[in-house]
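Okay, so here's the structure we're looking at.
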Amino acid sequence: MMRKHTRLIGWLAALVVIVGFCQLGRWQLHRMHDKQALLDQQLPARAQTLTLAKAQAAPAQLRWVDDHGRFLPGTLLLDNQTREGRAGIKVYQPFRGDDGTVVLVDLGWLPMPGDRQLPTIAPREGEARVAGLLAPPPATGLALGPAFTATAQPGVWLANRMPPDEAAAALSLPPGSLHSPVLRLDPALPGGYARDLELLPNTLPPSRHLGYAVQWFGLALTVLIVALVLEWRRRRARQPPTLLP
């Protein structure tokens, strides 16, 4: 009886591990498809230029925006953003189009020194034309601690993530005025900092997710094979020895 219970527990444990590995593999595949779909939208987005209001009202996907308006006070510095292997921050400032639509504009990247002394930020002011890609914000790490921390510079906040409602509150904007997508400013426009239109700068490309998915499914298959081999050996050990004539 004890052996039967041990065998049952062993198979249950193996099944739990197999299911867990398969779920992790499925999650990696899901991330691969999501990111590939985002990359596939980039070229079609450049084919049609929209105003900021029309782009935000359209179904959620990449949109190329060209609009006129005014930069608003306040700056967000998104921490833990890498560029060419260097750690730094991304600079965001709110912009209001002439029709009243508000968006966070990605002004570019600045390096973060080893002592984490924040660089002095000179915010954009007055009327301006903006053009760029309306896209999801950069990937961030674990949501630990407050989203925004005040800095020594008035109106400048250090962010570890940018939930729209909390960003609006930090920037003294009306509730609900900000949406999740940000405007990736065209690198060809003057002003701002080092920037590009790379959609996955801080995260894994689709090919890496596929590789990890294969690894997880391979581990699940390995566990199944080991369990089957152990079961075969157990059954073989229980068979009575064959008597020679």
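Each chain of the structure tokens is named A, B, ... in the order shown, its residues numbered from 1; ligands are numbered from 1 in display order.
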
Next item on the list: Extract, using only C-alpha atoms, all DNA, RNA and protein residues at most 10 Å from Asp67 of chain A, discarding same-chain residues fewer than 6 positions from it, and format them as number ranges by chain.
Entry: A: 49-53, 96-99, 128-132

Margin query: Can you pull out the residues contacting Asn80 of chain A? Cut-off 8 Å, using only C-alpha atoms, and skip same-chain residues under 6 positions away; I want them as a PyMOL selection string.
Written below: chain A and resi 87-89+140+160

Margin query: So that I can check the surroundings of Pro111 of chain A, please list as JSON, numbers by chain every protein, DNA and RNA residue that reaches within 12 Å of it, counting only C-alpha atoms and ignoring chain neighbours fewer than 6 positions away.
Written below: {"A": [77, 78, 79, 80, 81, 82, 83, 84, 85, 86, 87, 88, 89, 90, 91, 117, 118, 119, 120, 193, 194, 195]}

Checklist line | Nearby residues (only C-alpha atoms) at most 12 Å from Gly10 of chain A, same-chain spacing under 3 positions excluded, as a list of chain:residue names | finding: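 Selected residues are A:Arg3, A:Lys4, A:His5, A:Thr6, A:Arg7, A:Ala13, A:Ala14, A:Leu15, A:Val16, A:Val17, A:Val223, A:Leu224, A:Val226, A:Ala227, A:Leu228, A:Leu230, A:Glu231.
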
Restricted to N, CA, C and O atoms, what would the selected residues look like written as a JSON list (two decimals), in the first residue's frame?
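Saved the output as result21.json:
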[["chain", "number", "residue", "atom", "x", "y", "z"],
["A", 3, "ARG", "N", 3.86, 1.62, -1.19],
["A", 3, "ARG", "CA", 4.45, 1.83, -2.50],
["A", 3, "ARG", "C", 3.44, 2.44, -3.47],
["A", 3, "ARG", "O", 3.78, 3.28, -4.29],
["A", 4, "LYS", "N", 2.18, 2.00, -3.35],
["A", 4, "LYS", "CA", 1.14, 2.53, -4.23],
["A", 4, "LYS", "C", 0.94, 4.01, -3.99],
["A", 4, "LYS", "O", 0.82, 4.81, -4.93],
["A", 5, "HIS", "N", 0.91, 4.41, -2.69],
["A", 5, "HIS", "CA", 0.75, 5.83, -2.36],
["A", 5, "HIS", "C", 1.94, 6.64, -2.85],
["A", 5, "HIS", "O", 1.79, 7.76, -3.36],
["A", 6, "THR", "N", 3.15, 6.10, -2.67],
["A", 6, "THR", "CA", 4.35, 6.80, -3.12],
["A", 6, "THR", "C", 4.34, 7.00, -4.62],
["A", 6, "THR", "O", 4.69, 8.06, -5.13],
["A", 7, "ARG", "N", 3.91, 5.96, -5.35],
["A", 7, "ARG", "CA", 3.82, 6.05, -6.81],
["A", 7, "ARG", "C", 2.81, 7.11, -7.22],
["A", 7, "ARG", "O", 3.06, 7.91, -8.13],
["A", 13, "ALA", "N", 3.07, 14.81, -8.48],
["A", 13, "ALA", "CA", 4.12, 15.83, -8.49],
["A", 13, "ALA", "C", 4.64, 16.07, -9.90],
["A", 13, "ALA", "O", 4.87, 17.22, -10.32],
["A", 14, "ALA", "N", 4.83, 14.98, -10.64],
["A", 14, "ALA", "CA", 5.33, 15.12, -12.01],
["A", 14, "ALA", "C", 4.32, 15.88, -12.88],
["A", 14, "ALA", "O", 4.70, 16.75, -13.68],
["A", 15, "LEU", "N", 3.03, 15.57, -12.72],
["A", 15, "LEU", "CA", 2.00, 16.27, -13.50],
["A", 15, "LEU", "C", 1.94, 17.76, -13.16],
["A", 15, "LEU", "O", 1.77, 18.59, -14.05],
["A", 16, "VAL", "N", 2.08, 18.09, -11.87],
["A", 16, "VAL", "CA", 2.07, 19.50, -11.46],
["A", 16, "VAL", "C", 3.24, 20.24, -12.11],
["A", 16, "VAL", "O", 3.09, 21.36, -12.64],
["A", 17, "VAL", "N", 4.42, 19.62, -12.09],
["A", 17, "VAL", "CA", 5.59, 20.26, -12.69],
["A", 17, "VAL", "C", 5.42, 20.40, -14.20],
["A", 17, "VAL", "O", 5.75, 21.44, -14.78],
["A", 223, "VAL", "N", 10.58, 15.99, -18.01],
["A", 223, "VAL", "CA", 9.96, 15.45, -16.79],
["A", 223, "VAL", "C", 9.05, 14.27, -17.12],
["A", 223, "VAL", "O", 9.05, 13.25, -16.42],
["A", 224, "LEU", "N", 8.28, 14.37, -18.20],
["A", 224, "LEU", "CA", 7.40, 13.28, -18.60],
["A", 224, "LEU", "C", 8.20, 12.03, -18.95],
["A", 224, "LEU", "O", 7.84, 10.90, -18.54],
["A", 226, "VAL", "N", 11.23, 11.20, -17.92],
["A", 226, "VAL", "CA", 11.82, 10.64, -16.70],
["A", 226, "VAL", "C", 10.77, 9.87, -15.91],
["A", 226, "VAL", "O", 11.02, 8.75, -15.41],
["A", 227, "ALA", "N", 9.55, 10.44, -15.80],
["A", 227, "ALA", "CA", 8.49, 9.75, -15.07],
["A", 227, "ALA", "C", 8.13, 8.42, -15.74],
["A", 227, "ALA", "O", 7.92, 7.40, -15.06],
["A", 228, "LEU", "N", 8.06, 8.42, -17.06],
["A", 228, "LEU", "CA", 7.73, 7.18, -17.77],
["A", 228, "LEU", "C", 8.84, 6.13, -17.61],
["A", 228, "LEU", "O", 8.56, 4.94, -17.45],
["A", 230, "LEU", "N", 10.93, 5.86, -15.06],
["A", 230, "LEU", "CA", 10.86, 5.34, -13.70],
["A", 230, "LEU", "C", 9.70, 4.36, -13.54],
["A", 230, "LEU", "O", 9.82, 3.33, -12.86],
["A", 231, "GLU", "N", 8.58, 4.66, -14.19],
["A", 231, "GLU", "CA", 7.43, 3.75, -14.12],
["A", 231, "GLU", "C", 7.76, 2.44, -14.81],
["A", 231, "GLU", "O", 7.41, 1.36, -14.31]]

Can you tell me, as a PDB file with C-alpha atoms, in the first residue's frame, what residues are no more than 8 Å from Gly176 of chain A when counting only C-alpha atoms, ignoring any on the same chain fewer than 4 positions away?
ATOM      1  CA  PRO A 164      -1.833  57.441 -16.222  1.00  0.00           C
ATOM      2  CA  ASP A 165      -3.985  58.586 -13.308  1.00  0.00           C
ATOM      3  CA  ALA A 168      -1.854  63.157 -14.134  1.00  0.00           C
TER       4      ALA A 168
END

Item checked: Test item: residues at most 12 Å from segment 196-198 of chain A, only C-alpha atoms, excluding those fewer than 3 positions along its chain, as a PyMOL selection string -> chain A and resi 38-39+42-43+46+62+64+82-84+90+106-109+131-138+182-189+192-193+201-203+205

Pull the closest atom pair for each residue of segment 149-204 of chain A that gets at most 10 Å from segment 23-37 of chain A, along with the distance in Å to one decimal, counting only C-alpha atoms, ordering rows by chain and then ascending residue number, as a Markdown table.
| residue | atom | partner | partner_atom | distance |
| --- | --- | --- | --- | --- |
| A:Leu199 | CA | A:Lys35 | CA | 9.0 |
| A:Leu200 | CA | A:Lys35 | CA | 8.1 |
| A:Thr203 | CA | A:Lys35 | CA | 9.8 |
| A:Leu204 | CA | A:Met32 | CA | 9.0 |

Checklist line | All residues 12 Å or closer to Pro59 of chain A, only C-alpha atoms, same chain fewer than 4 positions away omitted, as a count of residues only | finding: 5

Notebook entry, point to check: Among segment 175-245 of chain A, which residues carry a DSSP assignment of alpha helix (DSSP H), reported as a PyMOL selection string?
Noted result: chain A and resi 206-238

Next, dump the selected residues to file, keeping only N, CA, C and O atoms, as a tab-separated table (two decimals), in the first residue's frame.
chain	number	residue	atom	x	y	z
A	206	PRO	N	10.86	39.19	-29.80
A	206	PRO	CA	10.02	37.99	-29.95
A	206	PRO	C	10.83	36.70	-30.07
A	206	PRO	O	10.41	35.66	-29.55
A	207	SER	N	11.98	36.75	-30.74
A	207	SER	CA	12.77	35.52	-30.93
A	207	SER	C	13.25	34.95	-29.60
A	207	SER	O	13.34	33.73	-29.43
A	208	ARG	N	13.57	35.82	-28.64
A	208	ARG	CA	14.02	35.34	-27.33
A	208	ARG	C	12.88	34.68	-26.58
A	208	ARG	O	13.07	33.67	-25.89
A	209	HIS	N	11.68	35.24	-26.70
A	209	HIS	CA	10.52	34.61	-26.05
A	209	HIS	C	10.25	33.23	-26.65
A	209	HIS	O	9.90	32.29	-25.93
A	210	LEU	N	10.42	33.11	-27.97
A	210	LEU	CA	10.24	31.80	-28.60
A	210	LEU	C	11.27	30.82	-28.06
A	210	LEU	O	10.95	29.65	-27.77
A	211	GLY	N	12.51	31.26	-27.91
A	211	GLY	CA	13.55	30.39	-27.38
A	211	GLY	C	13.24	29.92	-25.97
A	211	GLY	O	13.41	28.74	-25.63
A	212	TYR	N	12.76	30.85	-25.12
A	212	TYR	CA	12.40	30.46	-23.75
A	212	TYR	C	11.20	29.51	-23.74
A	212	TYR	O	11.13	28.60	-22.92
A	213	ALA	N	10.25	29.73	-24.66
A	213	ALA	CA	9.09	28.84	-24.72
A	213	ALA	C	9.54	27.42	-25.07
A	213	ALA	O	9.07	26.44	-24.46
A	214	VAL	N	10.44	27.30	-26.02
A	214	VAL	CA	10.96	25.97	-26.40
A	214	VAL	C	11.64	25.32	-25.20
A	214	VAL	O	11.49	24.11	-24.95
A	215	GLN	N	12.38	26.11	-24.42
A	215	GLN	CA	13.05	25.55	-23.25
A	215	GLN	C	12.05	25.03	-22.22
A	215	GLN	O	12.22	23.94	-21.67
A	216	TRP	N	11.00	25.82	-21.96
A	216	TRP	CA	10.01	25.37	-20.96
A	216	TRP	C	9.29	24.11	-21.43
A	216	TRP	O	9.07	23.18	-20.64
A	217	PHE	N	8.89	24.08	-22.71
A	217	PHE	CA	8.22	22.88	-23.22
A	217	PHE	C	9.19	21.69	-23.22
A	217	PHE	O	8.78	20.55	-22.97
A	218	GLY	N	10.47	21.94	-23.50
A	218	GLY	CA	11.46	20.88	-23.45
A	218	GLY	C	11.62	20.32	-22.04
A	218	GLY	O	11.76	19.11	-21.85
A	219	LEU	N	11.59	21.20	-21.02
A	219	LEU	CA	11.67	20.73	-19.64
A	219	LEU	C	10.45	19.89	-19.27
A	219	LEU	O	10.56	18.88	-18.57
A	220	ALA	N	9.27	20.32	-19.74
A	220	ALA	CA	8.06	19.55	-19.47
A	220	ALA	C	8.17	18.15	-20.09
A	220	ALA	O	7.81	17.14	-19.46
A	221	LEU	N	8.68	18.09	-21.32
A	221	LEU	CA	8.84	16.79	-21.97
A	221	LEU	C	9.87	15.94	-21.24
A	221	LEU	O	9.69	14.72	-21.10
A	222	THR	N	10.93	16.57	-20.74
A	222	THR	CA	11.96	15.83	-20.01
A	222	THR	C	11.38	15.20	-18.74
A	222	THR	O	11.66	14.03	-18.43
A	223	VAL	N	10.58	15.99	-18.01
A	223	VAL	CA	9.96	15.45	-16.79
A	223	VAL	C	9.05	14.27	-17.12
A	223	VAL	O	9.05	13.25	-16.42
A	224	LEU	N	8.28	14.37	-18.20
A	224	LEU	CA	7.40	13.28	-18.60
A	224	LEU	C	8.20	12.03	-18.95
A	224	LEU	O	7.84	10.90	-18.54
A	225	ILE	N	9.29	12.20	-19.70
A	225	ILE	CA	10.11	11.05	-20.08
A	225	ILE	C	10.72	10.39	-18.86
A	225	ILE	O	10.73	9.15	-18.72
A	226	VAL	N	11.23	11.20	-17.92
A	226	VAL	CA	11.82	10.64	-16.70
A	226	VAL	C	10.77	9.87	-15.91
A	226	VAL	O	11.02	8.75	-15.41
A	227	ALA	N	9.55	10.44	-15.80
A	227	ALA	CA	8.49	9.75	-15.07
A	227	ALA	C	8.13	8.42	-15.74
A	227	ALA	O	7.92	7.40	-15.06
A	228	LEU	N	8.06	8.42	-17.06
A	228	LEU	CA	7.73	7.18	-17.77
A	228	LEU	C	8.84	6.13	-17.61
A	228	LEU	O	8.56	4.94	-17.45
A	229	VAL	N	10.10	6.57	-17.65
A	229	VAL	CA	11.21	5.64	-17.47
A	229	VAL	C	11.18	5.03	-16.08
A	229	VAL	O	11.37	3.82	-15.90
A	230	LEU	N	10.93	5.86	-15.06
A	230	LEU	CA	10.86	5.34	-13.70
A	230	LEU	C	9.70	4.36	-13.54
A	230	LEU	O	9.82	3.33	-12.86
A	231	GLU	N	8.58	4.66	-14.19
A	231	GLU	CA	7.43	3.75	-14.12
A	231	GLU	C	7.76	2.44	-14.81
A	231	GLU	O	7.41	1.36	-14.31
A	232	TRP	N	8.43	2.50	-15.95
A	232	TRP	CA	8.81	1.27	-16.66
A	232	TRP	C	9.76	0.43	-15.81
A	232	TRP	O	9.61	-0.79	-15.74
A	233	ARG	N	10.72	1.08	-15.16
A	233	ARG	CA	11.66	0.33	-14.32
A	233	ARG	C	10.94	-0.28	-13.12
A	233	ARG	O	11.27	-1.41	-12.70
A	234	ARG	N	9.99	0.45	-12.56
A	234	ARG	CA	9.25	-0.09	-11.42
A	234	ARG	C	8.48	-1.34	-11.82
A	234	ARG	O	8.49	-2.35	-11.11
A	235	ARG	N	7.80	-1.28	-12.98
A	235	ARG	CA	7.03	-2.43	-13.43
A	235	ARG	C	7.95	-3.61	-13.75
A	235	ARG	O	7.62	-4.76	-13.49
A	236	ARG	N	9.10	-3.30	-14.34
A	236	ARG	CA	10.03	-4.37	-14.69
A	236	ARG	C	10.59	-5.04	-13.43
A	236	ARG	O	10.77	-6.27	-13.39
A	237	ALA	N	10.84	-4.23	-12.38
A	237	ALA	CA	11.38	-4.79	-11.14
A	237	ALA	C	10.37	-5.69	-10.45
A	237	ALA	O	10.75	-6.62	-9.72
A	238	ARG	N	9.07	-5.45	-10.67
A	238	ARG	CA	8.04	-6.25	-10.02
A	238	ARG	C	7.74	-7.55	-10.75
A	238	ARG	O	7.05	-8.42	-10.22

Checklist line | DSSP strand (DSSP E) residues within segment 12-217 of chain A, listed as an MDAnalysis selection string | finding: chainID A and resid 49:50 63:71 75:83 86:97 102:111 127:135 148:150 156:159 182:185

Output the selection as a compact mmCIF listing (two decimals), in the first residue's frame - C-alpha atoms for each residue.
# COMPACT_ATOMS: atom_id res chain seq x y z
CA THR A 49 -0.80 60.61 -40.29
CA LEU A 50 -3.42 61.53 -37.71
CA ARG A 63 -0.39 55.55 -34.84
CA TRP A 64 1.71 58.22 -36.51
CA VAL A 65 0.80 61.64 -35.12
CA ASP A 66 1.46 65.15 -36.38
CA ASP A 67 -0.11 67.98 -34.40
CA HIS A 68 0.33 71.47 -33.01
CA GLY A 69 -0.12 72.63 -29.45
CA ARG A 70 1.73 73.66 -26.33
CA PHE A 71 4.02 71.93 -23.85
CA THR A 75 8.53 66.59 -16.16
CA LEU A 76 8.63 62.85 -15.48
CA LEU A 77 11.93 60.98 -15.48
CA LEU A 78 11.33 57.27 -16.03
CA ASP A 79 14.09 55.34 -14.27
CA ASN A 80 15.89 52.15 -15.34
CA GLN A 81 15.85 52.80 -19.08
CA THR A 82 18.81 51.44 -21.03
CA ARG A 83 20.32 52.66 -24.29
CA ARG A 86 24.00 52.10 -20.53
CA ALA A 87 21.57 52.79 -17.70
CA GLY A 88 19.66 56.04 -17.73
CA ILE A 89 16.31 57.79 -17.65
CA LYS A 90 13.70 58.79 -20.20
CA VAL A 91 12.33 62.31 -20.09
CA TYR A 92 8.60 62.88 -20.49
CA GLN A 93 6.67 66.14 -20.60
CA PRO A 94 2.93 66.68 -21.05
CA PHE A 95 1.73 68.28 -24.28
CA ARG A 96 -1.71 69.67 -25.00
CA GLY A 97 -2.89 69.83 -28.59
CA VAL A 102 -3.16 65.75 -23.69
CA VAL A 103 -0.34 63.23 -24.09
CA LEU A 104 3.02 62.49 -22.49
CA VAL A 105 5.79 63.18 -25.02
CA ASP A 106 8.96 61.08 -24.90
CA LEU A 107 11.70 63.70 -25.27
CA GLY A 108 14.52 61.19 -25.20
CA TRP A 109 17.09 59.47 -23.03
CA LEU A 110 19.75 60.76 -20.65
CA PRO A 111 22.47 58.72 -18.90
CA GLU A 127 3.87 76.39 -28.64
CA ALA A 128 5.37 73.59 -30.70
CA ARG A 129 4.72 71.12 -33.48
CA VAL A 130 5.08 67.51 -32.49
CA ALA A 131 5.27 64.43 -34.69
CA GLY A 132 6.00 60.86 -33.82
CA LEU A 133 4.69 57.45 -32.97
CA LEU A 134 1.85 57.06 -30.49
CA ALA A 135 2.90 53.83 -28.80
CA PHE A 148 6.62 58.90 -8.43
CA THR A 149 9.18 60.53 -6.15
CA ALA A 150 9.76 64.28 -5.98
CA VAL A 156 10.39 67.20 -11.84
CA TRP A 157 9.42 63.69 -10.68
CA LEU A 158 11.44 60.48 -10.75
CA ALA A 159 9.20 57.58 -11.83
CA VAL A 182 2.94 58.03 -25.08
CA LEU A 183 4.16 60.01 -28.08
CA ARG A 184 7.60 58.82 -29.21
CA LEU A 185 8.91 62.09 -30.65

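Computed from the coordinates, the atom CA of Pro123 of chain A to atom CA of Glu166 of chain A distance equals 20.1 Å.
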
Item checked: Point-to-point distance from atom CA of Pro73 of chain A to atom CA of Gly126 of chain A, Å rounded to tenths ->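 If I compute the distance from atom CA of Pro73 of chain A to atom CA of Gly126 of chain A, I get 9.7 Å.
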
Note to self: Report, in Å with one decimal, the straight-line distance from atom CA of Ala57 of chain A to atom CA of Pro175 of chain A.
What the structure shows: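 A separation of 17.6 Å between them.
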